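Have a look at the structure below before the remarks.
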Amino acid sequence: TMLMKLGVGYKDIKPLKDSKPRIGGVPFASENKFMCNVHSNGPKGSSPLILHVKGAPDRLIPKCKDQVMNDDLTKTGPMDQQFWQDRAAEMAGLGLRTLAVCRASWDQSKVNNMDAEIITKASSPFLTMVGIVAILDPPRPEAIEAVGVANQAGITVKMITGDHPATAIAIGKMLGLVPPGADNYKAYTGPEIDKMTEEQLQGIVLDCNVFARASPENKTNIVKALQARGQICSMTGDGVNDAPALKKANIGVAMGITGTDVSKEAAKMVLADDNFATIVKAVREGRRVWDNLVKILLYNMPVNLAQGLSVFFAYVLQLEPLKGDDRY
């Protein structure tokens, strides 16, 4: 997929895929933050198997026993965890999303019934660190503008993401969620939220605009905390796991393009173009309609009240209607 995004055609990739067929794998899950595939290094059945893993650096670096040396996959050296952690933090601080890429030799007997526990519950580090990939995914210009408009309109925007805290803070600064000079800004992470009581979460939820490494359960807890503080809360989401938070929010907004059917059914509103700026435009139009309704009511109420009172007092005082000759 990455090669195709870089412009390499499918016809150029197909021979590579055919020469290293996929044997098995573990899909990505938000709670694990990694995925892995097992590929044969040649024809099936007669070639060694290689386990390829990609995911969050903070999850995979502790699982590595050594690292590739001199850009040669056949040469490895002692694992320098601090070096890789520093590089990941450095790139995350620039607003880049980072993926650690690792590999390991694999046995055919382990291919069947593979799950995430081959990584999470490994008795000792066994992976080889290949490198860290940085992905630039800046916020859309219209989203940055929309956040500013929302703040001026009295709407507080909070970002809940699965990214590294440093990446989340950097993106938050681009969006205006984090003050530019706040070098020591605190972004609470999912594991930190899991350790909090409901009262503790309610105590920090209004002051924090950036939540990182968050799980779907964290989203639901954040919504509950905001509502407990008397806030009207809207939540956006696109995945199956986002459905509880979308349903719990006062206004759940699902993505119309990338959103799953489950998220769309749980939400009260579906965003057709997956653009945050559209939400702000909808709020603006809604407030305009409300203002017009208020103006109409303020105009009609005195007029209708005067008409009603004239009829009422005419009836109570038994006033006779004017005849044609009474006008002169």
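A note on labels: chains of the structure tokens are A, B, ... as shown, every chain counts residues from 1, and ligands are counted from 1 in their shown order.
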>> To test your reading of the structure, identify every residue in region 65-253 of chain A that backbone DSSP assigns to strand (DSSP E or B), and report it as number ranges by chain.
In response: A: 65-69, 72-78, 96-106, 127-136, 159-160, 188-189, 210-212, 234-237, 251-253
>> as a PyMOL selection string, please: every residue in region 110-241 of chain A that a backbone DSSP assignment puts in alpha helix (DSSP H).
In response: chain A and resi 117-120+141-152+165-175+190-194+198-204+216-228
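Minimum atom-to-atom distance to Asn221 (chain A), evaluated using only C-alpha atoms, belongs to A:Pro244 out of A:Gly24, A:Gly77, A:Pro244, A:Pro179.
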>> Could you list, as a list in words, every residue within 9 Å of Ala249 (chain A), counting only C-alpha atoms and ignoring same-chain residues fewer than 3 positions away?
In response: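 So the residues in contact are Thr220, Val223, Lys224, Gln227, Ile232, Cys233, Ser234, Met235, Pro244, Ala245, Leu246, Gly252 and Ala267 of chain A.
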Selection from above, C-alpha atoms, as a tab-separated table (two decimals), in the first residue's frame, can you write it?
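Just written: result-v5.tsv:
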chain	number	residue	atom	x	y	z
A	220	THR	CA	-17.07	7.35	26.37
A	223	VAL	CA	-18.20	12.30	27.25
A	224	LYS	CA	-19.69	11.23	30.58
A	227	GLN	CA	-21.92	15.86	30.74
A	232	ILE	CA	-23.63	19.79	26.03
A	233	CYS	CA	-21.30	17.38	24.27
A	234	SER	CA	-20.93	16.41	20.62
A	235	MET	CA	-18.63	13.56	19.59
A	244	PRO	CA	-20.84	3.77	22.44
A	245	ALA	CA	-19.35	7.28	22.64
A	246	LEU	CA	-21.46	8.48	19.69
A	252	GLY	CA	-23.13	11.99	17.92
A	267	ALA	CA	-24.99	8.73	15.62
> Using only C-alpha atoms, which of A:Phe126, A:Ile23, A:Lys195, A:Asn184 sits nearest Ser109 (chain A)?
Replying inline: A:Ile23
